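This is input.cif (mmCIF, C-alpha atoms).
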```cif
data_upload
#
loop_
_atom_site.label_atom_id
_atom_site.label_comp_id
_atom_site.auth_asym_id
_atom_site.auth_seq_id
_atom_site.Cartn_x
_atom_site.Cartn_y
_atom_site.Cartn_z
CA MET P 1 110.69 85.02 84.17
CA GLY P 2 112.93 87.66 85.73
CA LEU P 3 111.97 91.05 87.07
CA PHE P 4 114.19 92.90 84.63
CA SER P 5 114.12 92.86 80.84
CA LYS P 6 117.16 91.25 79.18
CA LYS P 7 116.90 93.93 76.48
CA ASP P 8 117.05 96.76 78.99
CA ASN P 9 119.04 95.91 82.10
CA SER P 10 120.10 99.52 82.75
CA ALA P 11 120.08 101.17 86.14
CA GLU P 12 117.16 103.38 85.09
CA SER P 13 115.14 100.35 83.99
CA LYS P 14 115.83 98.60 87.30
CA LYS P 15 114.88 101.73 89.20
CA SER P 16 111.57 101.97 87.30
CA VAL P 17 110.71 98.31 88.02
CA ILE P 18 111.56 98.71 91.71
CA LEU P 19 109.43 101.86 92.02
CA ASP P 20 106.50 100.07 90.36
CA ILE P 21 106.82 97.18 92.82
CA LEU P 22 106.96 99.48 95.82
CA ASP P 23 104.04 101.56 94.53
CA ASP P 24 101.92 98.40 94.15
CA LEU P 25 102.67 97.50 97.77
CA THR P 26 101.56 100.82 99.27
CA PHE P 27 97.98 99.61 99.63
CA MET P 28 95.91 96.46 99.77
CA GLU P 29 92.21 96.02 99.04
CA ILE P 30 89.91 93.12 100.01
CA ASN P 31 86.49 92.84 98.39
CA THR P 32 83.56 90.56 99.19
CA ILE P 33 81.08 90.24 96.33
CA ILE P 34 77.80 88.42 95.78
CA LYS P 35 77.57 86.34 92.61
CA PRO P 36 74.20 85.05 91.37
CA ALA P 37 75.74 81.67 90.51
CA MET P 38 79.13 80.01 90.49
CA GLY P 39 80.40 77.18 88.34
CA ALA P 40 83.14 74.75 89.27
CA SER P 41 85.35 75.68 86.33
CA THR P 42 88.88 76.94 86.89
CA THR P 43 90.05 80.41 85.91
CA PRO P 44 90.53 80.44 82.11
CA ALA P 45 93.81 81.14 80.36
CA PHE P 46 94.62 84.85 80.25
CA ASP P 47 93.69 85.40 76.60
CA GLU P 48 90.33 83.68 77.07
CA LEU P 49 89.82 85.61 80.30
CA VAL P 50 90.13 88.93 78.44
CA ALA P 51 87.50 87.83 75.92
CA GLN P 52 85.14 86.46 78.59
CA LEU P 53 85.32 89.67 80.59
CA LYS P 54 84.26 91.70 77.55
CA LYS P 55 81.30 89.37 76.95
CA SER P 56 80.31 89.59 80.61
CA TYR P 57 80.46 93.39 80.51
CA ALA P 58 78.47 93.58 77.26
CA TYR P 59 75.73 91.37 78.71
CA ARG P 60 75.71 93.28 82.01
CA LEU P 61 75.30 96.63 80.24
CA GLY P 62 72.16 95.25 78.58
CA THR P 63 70.69 94.13 81.91
CA LEU P 64 71.47 97.51 83.52
CA ILE P 65 69.72 99.36 80.69
CA HIS P 66 66.69 97.05 80.81
CA LYS P 67 66.39 96.97 84.61
CA ASN P 68 66.50 100.77 84.89
CA ASN P 69 64.14 101.35 81.94
CA ILE P 70 66.69 103.37 80.00
CA GLY P 71 65.29 104.07 76.55
CA TYR P 72 68.62 103.74 74.72
CA ASP P 73 68.50 101.20 71.87
CA TYR P 74 71.42 98.99 72.89
CA ASP P 75 72.62 96.09 70.77
CA LYS P 76 75.21 93.95 72.57
CA GLY P 77 75.84 92.16 69.27
CA LYS P 78 77.83 95.23 68.18
CA CYS P 79 80.33 94.79 71.02
CA GLN P 80 82.96 92.58 69.40
CA SER P 81 85.65 94.72 71.04
CA TYR P 82 86.20 96.84 74.13
CA GLU P 83 86.26 99.85 71.80
CA PHE P 84 82.67 99.19 70.65
CA LEU P 85 81.58 98.43 74.23
CA HIS P 86 83.14 101.73 75.31
CA THR P 87 81.21 103.56 72.61
CA GLU P 88 77.94 101.96 73.74
CA LEU P 89 78.66 102.97 77.36
CA LYS P 90 79.32 106.58 76.34
CA GLN P 91 76.18 106.71 74.20
CA THR P 92 74.10 105.21 77.03
CA GLU P 93 75.47 107.84 79.42
CA ALA P 94 74.75 110.63 76.91
CA TYR P 95 71.20 109.31 76.42
CA MET P 96 70.57 109.33 80.18
CA GLN P 97 71.85 112.88 80.48
CA LYS P 98 69.79 114.10 77.53
CA HIS P 99 66.57 112.46 78.74
CA LYS P 100 67.26 113.07 82.45
CA GLN P 101 67.17 109.38 83.28
CA ARG P 102 69.10 107.81 86.13
CA MET P 103 70.18 104.34 87.19
CA ASP P 104 69.83 102.88 90.64
CA ALA P 105 72.90 103.96 92.67
CA GLU P 106 74.35 100.44 92.98
CA ASP P 107 73.76 99.75 89.30
CA PHE P 108 75.49 102.98 88.35
CA VAL P 109 78.54 101.91 90.39
CA ILE P 110 78.77 98.79 88.20
CA PHE P 111 78.20 100.88 85.06
CA SER P 112 81.05 103.18 86.15
CA ARG P 113 83.33 100.20 86.89
CA ILE P 114 82.87 98.93 83.33
CA MET P 115 83.37 102.42 81.90
CA GLY P 116 86.52 102.90 84.01
CA PHE P 117 88.02 99.63 82.78
CA CYS P 118 87.37 100.59 79.15
CA ASP P 119 88.96 104.00 79.83
CA TYR P 120 92.01 102.20 81.22
CA LEU P 121 92.36 99.87 78.22
CA GLU P 122 92.08 102.80 75.83
CA ARG P 123 94.93 104.61 77.64
CA ALA P 124 97.09 101.54 78.31
CA ASP P 125 97.65 100.60 74.65
CA ILE P 126 98.37 96.93 75.47
CA VAL P 127 99.61 95.45 72.19
CA VAL P 128 99.71 91.72 71.40
CA GLU P 129 101.36 89.95 68.48
CA ALA P 130 99.77 87.47 66.10
CA LYS P 131 100.76 83.85 66.82
CA ASP P 132 101.21 83.22 63.10
CA SER P 133 102.66 86.23 61.29
CA SER P 134 102.16 84.47 57.94
CA ALA P 135 98.40 84.70 58.45
CA GLY P 136 98.55 88.39 57.63
CA LEU P 137 97.44 89.51 61.09
CA LYS P 138 99.10 92.67 62.36
CA PRO P 139 99.93 93.48 66.01
CA MET P 140 96.78 94.71 67.72
CA ASP P 141 95.99 96.36 71.02
CA ILE P 142 93.43 94.71 73.29
CA TYR P 143 91.13 97.76 73.24
CA HIS P 144 90.55 97.65 69.45
CA MET P 145 90.86 93.88 68.90
CA ASP P 146 87.92 91.80 67.69
CA LEU P 147 87.92 89.42 70.65
CA ASP P 148 86.22 86.67 68.65
CA MET P 149 89.79 86.22 67.31
CA PHE P 150 91.59 86.25 70.67
CA ASP P 151 93.04 82.75 70.14
CA LYS P 152 95.05 83.98 67.15
CA TYR P 153 97.16 86.34 69.31
CA ASP P 154 99.89 85.82 71.89
CA PHE P 155 99.01 87.49 75.20
CA LYS P 156 102.08 86.24 77.12
CA PRO P 157 104.31 89.34 76.69
CA ILE P 158 101.81 91.60 78.51
CA ASN P 159 103.55 93.10 81.53
CA PRO P 160 102.67 91.65 84.98
CA ARG P 161 101.14 94.89 86.25
CA ASP P 162 98.58 95.06 83.43
CA LYS P 163 97.87 91.34 83.79
CA ALA P 164 97.24 91.76 87.51
CA ARG P 165 94.82 94.62 86.92
CA ILE P 166 92.89 92.73 84.24
CA ARG P 167 92.72 89.59 86.41
CA ARG P 168 91.41 91.68 89.30
CA MET P 169 88.64 93.10 87.11
CA TYR P 170 87.78 89.57 85.96
CA ASP P 171 87.55 88.41 89.59
CA LEU P 172 85.30 91.34 90.50
CA GLY P 173 83.19 90.73 87.40
CA SER P 174 80.08 92.89 87.15
CA GLU P 175 78.59 91.97 90.52
CA LYS P 176 77.97 94.19 93.51
CA ILE P 177 80.67 94.59 96.14
CA ILE P 178 79.04 94.36 99.58
CA LEU P 179 82.13 94.71 101.79
CA GLN P 180 85.45 96.35 101.01
CA THR P 181 88.45 96.92 103.26
CA ARG P 182 91.45 98.94 102.15
CA PHE P 183 94.77 99.14 103.98
CA GLY P 184 97.37 101.83 103.35
CA ILE P 185 101.03 101.39 104.19
CA ASP P 186 100.74 104.59 106.24
CA GLY P 187 98.38 102.77 108.61
CA ASP P 188 95.15 104.14 107.17
CA VAL P 189 92.35 101.55 107.12
CA VAL P 190 88.98 102.13 105.44
CA THR P 191 86.07 99.68 105.38
CA ARG P 192 83.15 100.36 103.05
CA ILE P 193 79.81 98.59 103.45
CA SER P 194 77.06 98.49 100.85
CA GLU P 195 74.04 100.43 102.12
CA HIS P 196 71.74 97.54 101.18
CA TYR P 197 73.89 95.02 103.05
CA ALA P 198 74.29 97.29 106.09
CA SER P 199 70.52 97.38 106.55
CA ALA P 200 70.39 93.57 106.89
CA PRO P 201 73.91 92.22 107.53
CA LYS P 202 74.61 88.48 107.49
CA GLU P 203 77.01 87.36 110.21
CA ALA P 204 78.45 84.48 108.15
CA LEU P 205 79.46 86.81 105.29
CA THR P 206 80.98 89.32 107.70
CA LYS P 207 83.05 86.55 109.33
CA ILE P 208 84.26 85.37 105.92
CA HIS P 209 85.28 88.91 105.01
CA ASP P 210 87.09 89.37 108.34
CA LYS P 211 88.97 86.09 107.86
CA HIS P 212 90.05 87.07 104.36
CA VAL P 213 91.17 90.47 105.62
CA GLN P 214 93.47 88.77 108.13
CA LEU P 215 94.82 86.29 105.58
CA SER P 216 95.45 89.10 103.09
CA LEU P 217 97.13 91.25 105.74
CA ASP P 218 99.52 88.43 106.66
CA TYR P 219 100.32 87.87 102.98
CA TRP P 220 100.79 91.60 102.34
CA GLN P 221 103.23 91.88 105.22
CA SER P 222 105.28 88.96 103.83
CA LEU P 223 105.33 90.63 100.39
CA ILE P 224 106.57 93.90 101.88
CA LYS P 225 109.31 92.01 103.74
CA THR P 226 110.34 90.20 100.54
CA ALA P 227 110.35 93.45 98.54
CA THR P 228 112.46 95.17 101.21
CA GLU P 229 115.01 92.35 101.11
CA LEU P 230 114.99 92.39 97.31
CA VAL P 231 115.59 96.13 97.09
CA GLY P 232 118.28 95.90 99.76
CA GLY P 233 120.00 93.13 97.82
CA ILE P 234 119.88 95.05 94.53
CA PHE P 235 121.33 98.23 95.97
CA GLY P 236 123.72 96.27 98.15
CA ASN P 237 125.21 94.65 95.06
CA LYS P 238 125.35 97.91 93.16
#
```
Take the structure in this file and express it as structure tokens.
Amino acid sequence: MGLFSKKDNSAESKKSVILDILDDLTFMEINTIIKPAMGASTTPAFDELVAQLKKSYAYRLGTLIHKNNIGYDYDKGKCQSYEFLHTELKQTEAYMQKHKQRMDAEDFVIFSRIMGFCDYLERADIVVEAKDSSAGLKPMDIYHMDLDMFDKYDFKPINPRDKARIRRMYDLGSEKIILQTRFGIDGDVVTRISEHYASAPKEALTKIHDKHVQLSLDYWQSLIKTATELVGGIFGNK
């Protein structure tokens, strides 16, 4: 698959794609998370991944409400779509404000991550087409789609930038991030450490994070070099 659309190969389209690529390369973020359990299964196909992430979020919202003794009457069975999950998140937040209830700080970070992703999907308007148009299914955006029917839609045309963001959210899941390092192309480096982890750090985890930071930094530098050569080639052949 090429970088540029065959339907729109104009100079403005190329410029937009190039700017998106360069913008994506202005920072890099490495996260170390703790998962309660890990299976040996491979990452699912993208359409299944989108559906699994919604199920994971819906389940996690229930555990957050229960763990923090929030009185809101949540029913995860209603969450067939990200739209319904978003509604439940907003109503949970409104309930907490009305009854002056609060979540644990780390739990609220996860709650906010789920809310932020739903906000993004609502704005992004990522539309997918039905695999079989004769089945009477109309094009549907991921936010409103009943994800029990995800296998009836073609997710392939989704642009790489949206795919990358959704895959990243799937990788993060709904677990706590204990270590996070962020590099900026301007040389700014920020490392965030979970307060709970900082009080009792584990050397092995810190070493793993440091190793992944170095691997990611090497890879990032090679991407920047490739992008520079690509841009130079495009404008050189102009």
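Residue nearest Leu172 (chain P) within the list P:Ala105, P:Leu215, P:Ile110, P:Ala227: P:Ile110 [criterion: smallest interatomic distance, all atoms listed in the file].
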Evaluated on this file, the PyMOL selection byres ((chain P and resi 56-58) around 9) picks out some residues - which ones are they, written as a short mmCIF file (atom, residue, chain, number, x, y, z; two decimals) with C-alpha atoms, in the coordinates of the input?
```
data_model
loop_
_atom_site.label_atom_id
_atom_site.label_comp_id
_atom_site.auth_asym_id
_atom_site.auth_seq_id
_atom_site.Cartn_x
_atom_site.Cartn_y
_atom_site.Cartn_z
CA ALA P 51 87.50 87.83 75.92
CA GLN P 52 85.14 86.46 78.59
CA LEU P 53 85.32 89.67 80.59
CA LYS P 54 84.26 91.70 77.55
CA LYS P 55 81.30 89.37 76.95
CA TYR P 59 75.73 91.37 78.71
CA ARG P 60 75.71 93.28 82.01
CA LEU P 61 75.30 96.63 80.24
CA GLY P 62 72.16 95.25 78.58
CA LYS P 76 75.21 93.95 72.57
CA GLY P 77 75.84 92.16 69.27
CA CYS P 79 80.33 94.79 71.02
CA TYR P 82 86.20 96.84 74.13
CA LEU P 85 81.58 98.43 74.23
CA ILE P 114 82.87 98.93 83.33
CA GLY P 173 83.19 90.73 87.40
CA SER P 174 80.08 92.89 87.15
#
```
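Counting all atoms listed in the file, the residue from P:Thr87, P:Gln214, P:Gln101, P:Thr206 that sits nearest to Asn69 (chain P) is P:Gln101.
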How big is the axis-aligned box around all listed atoms of region 145-154 of chain P once 5 Å goes on each side, and where's its centre, in Å to one decimal, as AutoDock Vina command-line options?
```
--center_x 93.1 --center_y 88.3 --center_z 69.5 --size_x 23.7 --size_y 21.1 --size_z 14.7
```
Compile the contact shell of Asp162 (chain P) as a short mmCIF file (atom, residue, chain, number, x, y, z; two decimals) with C-alpha atoms, keeping the file's coordinate frame: residues with an atom at most 10 Å away, counting only C-alpha atoms, same-chain residues fewer than 5 positions apart removed.
```cif
data_model
loop_
_atom_site.label_atom_id
_atom_site.label_comp_id
_atom_site.auth_asym_id
_atom_site.auth_seq_id
_atom_site.Cartn_x
_atom_site.Cartn_y
_atom_site.Cartn_z
CA TYR P 120 92.01 102.20 81.22
CA LEU P 121 92.36 99.87 78.22
CA ALA P 124 97.09 101.54 78.31
CA ILE P 126 98.37 96.93 75.47
CA ARG P 167 92.72 89.59 86.41
CA ARG P 168 91.41 91.68 89.30
#
```
(message) Give me, as a list in words, all polymer residues having an atom no more than 6 Å from Ser81 (chain P), counting all atoms listed in the file and skipping those fewer than 4 positions away in the same chain.
(response) His144, Met145, Asp146 and Leu147 of chain P
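Among P:Lys163, P:Lys225, P:Lys131, P:His86, the residue with the shortest atom-to-atom distance to Phe46 (chain P), counting all atoms listed in the file, is P:Lys163.
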(request) Identify the residues within 12 Å of coordinate (71.3, 101.3, 89.0) (same frame as the file), considering all atoms listed in the file, and give the answer as a ChimeraX atom specification. (result) /P:60-61,63-70,96,101-112,175-176
(request) In Å, rounded to a single decimal, give me how far CA of Phe117 (chain P) is from CA of Tyr95 (chain P). (result) 20.4 Å
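In this structure, CA of Ala135 (chain P) sits 11.1 Å away from CA of Tyr153 (chain P).
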